[in-house]
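Structure data (CSV, C-alpha atoms) from my_file-v2.csv:
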chain,number,residue,atom,x,y,z
A,1,MET,CA,0.0,0.0,0.0
A,2,HIS,CA,1.4,3.4,-1.0
A,3,TYR,CA,-0.8,5.4,1.4
A,4,TYR,CA,-1.6,5.1,5.1
A,5,GLN,CA,-3.2,7.4,7.6
A,6,PHE,CA,-0.7,9.0,9.9
A,7,ASN,CA,-2.0,10.1,13.3
A,8,ILE,CA,0.3,12.9,14.5
A,9,GLY,CA,-1.0,13.0,18.0
A,10,ASP,CA,-0.7,9.3,18.5
A,11,PHE,CA,2.7,9.1,17.0
A,12,SER,CA,4.0,12.0,19.1
A,13,LEU,CA,2.6,10.4,22.3
A,14,HIS,CA,4.7,7.3,21.8
A,15,THR,CA,7.8,8.9,20.3
A,16,ASN,CA,8.3,12.2,22.2
A,17,HIS,CA,11.2,10.6,24.1
A,18,LEU,CA,13.2,9.8,20.9
A,19,THR,CA,16.0,11.8,19.5
A,20,LEU,CA,15.6,13.4,16.1
A,21,GLU,CA,17.8,10.6,14.7
A,22,GLU,CA,15.8,7.8,16.3
A,23,GLU,CA,12.5,9.3,15.2
A,24,ALA,CA,13.7,9.6,11.5
A,25,VAL,CA,14.9,6.0,11.6
A,26,TYR,CA,11.5,4.8,12.9
A,27,ARG,CA,9.6,6.7,10.2
A,28,ARG,CA,11.8,5.2,7.5
A,29,LEU,CA,11.2,1.7,8.9
A,30,LEU,CA,7.4,2.3,9.0
A,31,ASP,CA,7.3,3.6,5.5
A,32,PHE,CA,9.2,0.4,4.3
A,33,TYR,CA,6.7,-1.7,6.3
A,34,TYR,CA,3.6,-0.2,4.8
A,35,ASP,CA,5.1,-0.1,1.3
A,36,THR,CA,6.0,-3.7,1.2
A,37,GLU,CA,3.1,-4.8,3.4
A,38,LEU,CA,5.6,-7.2,5.0
A,39,PRO,CA,7.4,-7.3,8.4
A,40,ILE,CA,11.0,-6.2,8.6
A,41,PRO,CA,13.2,-9.2,7.7
A,42,ILE,CA,15.2,-10.7,10.5
A,43,GLU,CA,18.3,-10.2,8.4
A,44,THR,CA,18.2,-6.4,8.5
A,45,HIS,CA,21.3,-5.6,6.4
A,46,PRO,CA,19.5,-5.5,3.0
A,47,VAL,CA,16.8,-3.2,4.5
A,48,ILE,CA,19.5,-1.0,6.1
A,49,ARG,CA,21.3,-0.6,2.8
A,50,ARG,CA,18.0,0.1,0.9
A,51,LEU,CA,17.0,2.8,3.4
A,52,ARG,CA,20.5,4.3,3.5
A,53,LEU,CA,20.8,3.7,7.2
A,54,GLY,CA,24.3,2.2,7.2
A,55,LEU,CA,25.7,4.9,9.5
A,56,TYR,CA,22.8,4.4,11.9
A,57,GLU,CA,22.8,0.6,12.4
A,58,PRO,CA,22.9,0.8,16.2
A,59,THR,CA,19.9,3.1,16.1
A,60,VAL,CA,18.0,0.7,13.9
A,61,ASP,CA,18.5,-2.1,16.4
A,62,VAL,CA,17.2,0.1,19.2
A,63,ILE,CA,14.1,1.0,17.3
A,64,LEU,CA,13.4,-2.6,16.3
A,65,HIS,CA,13.5,-3.8,19.9
A,66,GLU,CA,11.3,-1.0,21.2
A,67,PHE,CA,8.6,-0.7,18.6
A,68,PHE,CA,8.6,-4.1,16.8
A,69,VAL,CA,8.2,-7.7,17.9
A,70,LYS,CA,10.5,-10.4,16.5
A,71,GLU,CA,8.7,-13.4,15.2
A,72,ALA,CA,9.6,-16.3,12.9
A,73,ASP,CA,8.9,-14.4,9.7
A,74,GLY,CA,10.4,-11.0,10.8
A,75,TRP,CA,10.0,-8.0,12.9
A,76,HIS,CA,6.2,-7.1,13.3
A,77,ASN,CA,4.6,-3.8,14.2
A,78,PHE,CA,1.1,-4.6,15.5
A,79,ARG,CA,-0.4,-1.2,14.5
A,80,ALA,CA,0.9,-1.5,11.0
A,81,ASP,CA,-0.4,-5.1,10.7
A,82,ILE,CA,-3.9,-3.9,11.7
A,83,GLU,CA,-3.9,-1.1,9.2
A,84,ILE,CA,-2.7,-3.4,6.4
A,85,ALA,CA,-5.3,-6.0,7.2
A,86,ASP,CA,-8.0,-3.3,7.2
A,87,TYR,CA,-6.8,-2.0,3.8
A,88,HIS,CA,-6.9,-5.5,2.3
A,89,ALA,CA,-10.5,-6.1,3.7
A,90,LYS,CA,-11.7,-2.9,2.0
A,91,ALA,CA,-9.9,-3.8,-1.2
A,92,ASP,CA,-11.6,-7.2,-1.2
A,93,THR,CA,-15.0,-5.7,-0.7
A,94,ALA,CA,-14.5,-3.2,-3.5
A,95,ARG,CA,-13.2,-6.0,-5.8
A,96,LEU,CA,-16.3,-8.1,-5.0
A,97,ASN,CA,-18.7,-5.2,-5.7
A,98,GLY,CA,-16.9,-4.6,-9.0
A,99,LYS,CA,-17.5,-8.2,-10.1
A,100,LYS,CA,-21.2,-7.7,-9.3
A,101,GLY,CA,-21.4,-4.6,-11.5
A,102,GLY,CA,-20.5,-1.9,-9.0
A,103,ARG,CA,-22.3,-0.7,-5.9
A,104,PRO,CA,-25.9,-1.9,-5.3
A,105,ARG,CA,-28.4,0.4,-6.8
A,106,ASN,CA,-30.9,2.3,-4.6
A,107,ILE,CA,-34.2,0.9,-5.6
A,108,GLY,CA,-37.0,3.4,-5.8
A,109,SER,CA,-34.8,6.5,-6.1
A,110,LYS,CA,-34.8,8.6,-9.1
A,111,THR,CA,-31.7,10.0,-10.7
A,112,GLN,CA,-31.9,13.7,-11.5
A,113,SER,CA,-31.2,14.4,-15.1
A,114,VAL,CA,-28.2,16.5,-15.9
A,115,ILE,CA,-28.5,19.4,-18.3
A,116,LEU,CA,-25.2,19.6,-20.3
A,117,ALA,CA,-26.1,22.6,-22.3
A,118,ASN,CA,-27.1,26.0,-21.1
A,119,PRO,CA,-30.9,26.4,-20.8
A,120,GLU,CA,-32.5,28.8,-23.2
A,121,ILE,CA,-34.4,30.6,-20.4
A,122,THR,CA,-32.7,31.2,-17.0
A,123,GLN,CA,-35.1,30.6,-14.2
A,124,PRO,CA,-35.2,33.5,-11.7
A,125,LYS,CA,-33.9,32.7,-8.3
A,126,PRO,CA,-36.5,33.1,-5.5
A,127,LYS,CA,-35.9,35.9,-3.1
A,128,GLN,CA,-34.6,34.6,0.2
A,129,GLU,CA,-34.6,36.4,3.5
A,130,LEU,CA,-31.4,36.8,5.4
A,131,ARG,CA,-31.6,34.7,8.5
A,132,THR,CA,-29.6,34.5,11.7
A,133,ILE,CA,-28.3,31.3,13.5
A,134,ASN,CA,-31.6,30.9,15.3
A,135,ASN,CA,-33.4,31.0,11.9
A,136,LYS,CA,-35.0,34.4,12.5
A,137,PRO,CA,-35.1,37.0,9.7
A,138,ILE,CA,-32.5,39.7,10.0
A,139,THR,CA,-34.1,43.1,10.3
A,140,ILE,CA,-32.1,45.8,8.7
A,141,LYS,CA,-32.8,49.1,10.5
A,142,LYS,CA,-32.5,52.3,8.5
A,143,LYS,CA,-30.4,54.9,10.1
A,144,GLY,CA,-32.5,57.9,11.2
A,145,PHE,CA,-31.7,61.5,11.8
A,146,SER,CA,-29.1,62.3,14.4
A,147,LYS,CA,-28.4,65.8,15.7
A,148,PRO,CA,-25.0,67.3,14.7
A,149,THR,CA,-22.4,68.3,17.2
A,150,ILE,CA,-21.1,71.9,17.4
A,151,THR,CA,-17.8,70.6,16.0
A,152,GLU,CA,-19.6,69.1,13.0
A,153,LEU,CA,-21.5,72.3,12.4
A,154,VAL,CA,-18.3,74.5,12.6
A,155,ASP,CA,-16.7,72.2,10.0
A,156,ALA,CA,-19.8,72.5,7.8
A,157,PHE,CA,-19.8,76.3,8.0
A,158,ALA,CA,-16.0,76.7,7.7
A,159,GLY,CA,-14.9,78.5,4.5
A,160,LYS,CA,-18.4,79.4,3.5
A,161,VAL,CA,-19.2,82.2,6.0
A,162,THR,CA,-17.1,84.9,7.8
A,163,ASP,CA,-17.5,83.6,11.3
A,164,SER,CA,-18.1,79.8,11.1
A,165,GLY,CA,-18.2,79.3,14.9
A,166,HIS,CA,-20.8,82.1,15.4
A,167,GLN,CA,-23.0,80.8,12.6
A,168,ALA,CA,-22.7,77.3,13.8
A,169,GLY,CA,-23.9,78.5,17.3
A,170,LEU,CA,-26.8,80.4,15.7
A,171,PHE,CA,-27.8,77.3,13.7
A,172,LEU,CA,-27.7,75.0,16.7
A,173,CYS,CA,-29.7,77.3,18.9
A,174,HIS,CA,-32.3,78.0,16.2
A,175,TYR,CA,-33.1,74.3,15.5
A,176,GLU,CA,-32.7,73.2,19.1
A,177,SER,CA,-35.5,75.7,20.0
A,178,ASN,CA,-37.9,74.5,17.3
A,179,GLY,CA,-37.3,70.7,17.9
A,180,TRP,CA,-35.2,70.3,14.7
A,181,LYS,CA,-38.1,71.0,12.3
A,182,VAL,CA,-38.0,72.5,8.9
A,183,GLY,CA,-41.4,74.1,8.6
A,184,LYS,CA,-43.8,71.6,10.0
A,185,ASN,CA,-41.7,68.6,9.1
A,186,SER,CA,-39.0,66.9,11.1
A,187,MET,CA,-35.5,67.5,9.7
A,188,LYS,CA,-34.0,64.7,7.7
A,189,SER,CA,-30.6,66.0,6.8
A,190,TRP,CA,-28.9,68.8,8.8
A,191,GLN,CA,-26.2,69.0,6.1
A,192,HIS,CA,-28.9,70.2,3.6
A,193,ALA,CA,-30.3,72.6,6.3
A,194,VAL,CA,-26.8,74.2,6.6
A,195,THR,CA,-26.6,74.6,2.9
A,196,ASN,CA,-30.0,76.4,2.9
A,197,TRP,CA,-29.0,78.5,5.9
A,198,ILE,CA,-25.9,79.8,4.0
A,199,SER,CA,-27.9,80.4,0.8
A,200,ARG,CA,-30.4,82.5,2.7
A,201,SER,CA,-27.6,84.5,4.3
A,202,LYS,CA,-26.1,85.3,0.9
A,203,SER,CA,-29.4,86.3,-0.6
A,204,ASN,CA,-30.4,88.5,2.3
A,205,GLY,CA,-27.2,90.4,2.5
A,206,THR,CA,-26.5,91.8,5.9
A,207,SER,CA,-29.0,89.9,7.9
A,208,LYS,CA,-28.9,87.6,11.0
A,209,PHE,CA,-27.2,84.9,8.8
A,210,THR,CA,-24.2,87.0,7.8
A,211,GLY,CA,-22.6,87.3,11.2
A,212,GLN,CA,-24.3,90.3,12.6
A,213,LYS,CA,-23.9,90.6,16.3
A,214,VAL,CA,-26.7,89.1,18.4
A,215,VAL,CA,-28.3,91.8,20.7
A,216,SER,CA,-29.5,90.5,24.0
A,217,LYS,CA,-32.7,91.6,25.7
A,218,SER,CA,-30.8,93.5,28.4
A,219,GLU,CA,-28.8,95.4,25.7
A,220,ARG,CA,-32.0,96.3,23.9
A,221,ARG,CA,-33.5,97.6,27.2
A,222,ASP,CA,-30.4,99.7,27.9
A,223,GLU,CA,-30.5,101.1,24.4
A,224,ALA,CA,-34.2,102.1,24.8
A,225,ALA,CA,-33.5,103.7,28.1
A,226,ARG,CA,-30.6,105.7,26.6
A,227,ARG,CA,-32.8,106.9,23.8
A,228,TYR,CA,-35.5,108.0,26.2
A,229,LEU,CA,-33.1,109.9,28.4
A,230,GLU,CA,-31.6,111.6,25.3
A,231,GLU,CA,-35.1,112.7,24.1
A,232,ASN,CA,-36.0,114.0,27.5
A,233,ASN,CA,-32.7,115.6,28.4
A,234,ASP,CA,-32.8,119.4,28.5
A,235,ASP,CA,-29.1,119.8,29.1
A,236,GLY,CA,-28.1,118.5,25.7
A,237,VAL,CA,-25.7,116.0,27.1
A,238,ALA,CA,-25.1,113.0,24.8
A,239,TRP,CA,-25.7,109.8,26.7
A,240,PRO,CA,-23.2,106.9,26.1
A,241,ALA,CA,-24.3,103.9,24.0
A,242,SER,CA,-24.8,100.6,25.8
A,243,ASN,CA,-21.5,99.3,24.5
A,244,GLU,CA,-19.5,102.4,25.6
A,245,VAL,CA,-18.0,103.0,29.0
A,246,SER,CA,-19.4,105.9,30.9
A,247,PRO,CA,-16.8,108.4,32.2

Entire entry expressed as C-alpha cells:
Amino acid sequence: MHYYQFNIGDFSLHTNHLTLEEEAVYRRLLDFYYDTELPIPIETHPVIRRLRLGLYEPTVDVILHEFFVKEADGWHNFRADIEIADYHAKADTARLNGKKGGRPRNIGSKTQSVILANPEITQPKPKQELRTINNKPITIKKKGFSKPTITELVDAFAGKVTDSGHQAGLFLCHYESNGWKVGKNSMKSWQHAVTNWISRSKSNGTSKFTGQKVVSKSERRDEAARRYLEENNDDGVAWPASNEVSP
C-alpha cells in the first residue's frame, strides 16, 4: 500500500522521548513496512542498505527492539499489521462489488437528469430572507436623523461664512429651540439645512445669517433707556451707548 493514515498526536505520544535521529529511523522503517506490506526481515542488512541507514545501524537495532516484535517471519509492528489487514479487507469488498457490477443500486430512487447545455431561459432565483443562526429574519434598520455636534457644524460652515463658529452656534440654537423641524416637518438632513442656511444668508445680504452681532434683551432695554433719556434731556448731554464705557 502506497498510502496510510498518519495520526500525528498518537505518533508524538509514543515517540516524544526519541531523539531526532531515532524518530527519523523509525519513520523510514514504518514507510518500508507499509510499502512492502511485510514485516521487517530478521536479516536487516538489506533493509538498512536500501533505506540508506548504514551509519545508523545501532539506532535501527534500538528502534526494532522498542517498537517491533521479533517473530519467525520477521519484525512485526502490530499497529501496522492492523492497518494493512483493514486495507486488504476494504480492497476485497471493492473487488467483489466490482464483479457484481458496482455498488448496489438504490431501488425506488430517481436520478436527477443532468443538463449539459445552457438552458434557453434562465429561471429567476427566488428571493430569500437573510436569517440568523436561530433562523430568525435579519431586520435591517434604517439609520434615522441624528443631531449634529457643534464641531460638525463648525466644520460644515468653515470657509463658507465669515464667522463659522458664530454661525454654527446660531444654527444650533435655532433648531434646538424648534425641535429640529423644517417648517412643520422633522429635519431629515442637517447638512442640507446648513446649505439652505448659508444660501439665505447670501441672498439676504446683511441679515442675521451674515454674522451680525446678536443683541441680548438687556442690551435692547439699555438702548431704549438711553434713547428715552436723550429725548427728555434738556441739558443737551449726549448719553453713552450701551456698549460704551461711561466716564

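Residues in contact with region 2-15 of chain A at up to 8 Å, not including ones fewer than 4 positions away on its chain and judged by all atoms listed in the file, are Glu23, Tyr34, Asp35 and Glu83 of chain A.
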
What separates CA of Glu176 (chain A) and CA of Val154 (chain A) is a distance of 15.9 Å

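The nearest approach to Leu18 (chain A) among the residues A:Ser199, A:Asn97, A:Ser146, A:Thr59, with only C-alpha atoms taken into account, belongs to A:Thr59.
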
Please list as an MDAnalysis selection string every residue within 12 Å of Trp75 (chain A), counting all atoms listed in the file and excluding residues in the same chain fewer than 3 positions away. chainID A and resid 29:30 33 38:44 47 60:61 63:72 78 80:81

Select, counting all atoms listed in the file, all protein, DNA and RNA residues no farther than 10 Å from (-24.1, 77.5, 4.3) in file coordinates, and express the selection as an mmCIF file with C-alpha atoms, in the frame of the given file.
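Output (selection.cif):
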data_model
loop_
_atom_site.group_PDB
_atom_site.id
_atom_site.type_symbol
_atom_site.label_atom_id
_atom_site.label_comp_id
_atom_site.auth_asym_id
_atom_site.auth_seq_id
_atom_site.Cartn_x
_atom_site.Cartn_y
_atom_site.Cartn_z
ATOM 1 C CA LEU A 153 -21.500 72.300 12.400
ATOM 2 C CA ALA A 156 -19.800 72.500 7.800
ATOM 3 C CA PHE A 157 -19.800 76.300 8.000
ATOM 4 C CA ALA A 158 -16.000 76.700 7.700
ATOM 5 C CA GLY A 159 -14.900 78.500 4.500
ATOM 6 C CA LYS A 160 -18.400 79.400 3.500
ATOM 7 C CA VAL A 161 -19.200 82.200 6.000
ATOM 8 C CA SER A 164 -18.100 79.800 11.100
ATOM 9 C CA GLN A 167 -23.000 80.800 12.600
ATOM 10 C CA ALA A 168 -22.700 77.300 13.800
ATOM 11 C CA GLN A 191 -26.200 69.000 6.100
ATOM 12 C CA HIS A 192 -28.900 70.200 3.600
ATOM 13 C CA ALA A 193 -30.300 72.600 6.300
ATOM 14 C CA VAL A 194 -26.800 74.200 6.600
ATOM 15 C CA THR A 195 -26.600 74.600 2.900
ATOM 16 C CA ASN A 196 -30.000 76.400 2.900
ATOM 17 C CA TRP A 197 -29.000 78.500 5.900
ATOM 18 C CA ILE A 198 -25.900 79.800 4.000
ATOM 19 C CA SER A 199 -27.900 80.400 0.800
ATOM 20 C CA ARG A 200 -30.400 82.500 2.700
ATOM 21 C CA SER A 201 -27.600 84.500 4.300
ATOM 22 C CA LYS A 202 -26.100 85.300 0.900
ATOM 23 C CA PHE A 209 -27.200 84.900 8.800
#

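The two atoms in question, CA of Ile84 (chain A) and CA of Tyr26 (chain A), are spaced 17.6 Å apart.
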
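CA of Gly165 (chain A) sits 16.9 Å away from CA of Lys147 (chain A).
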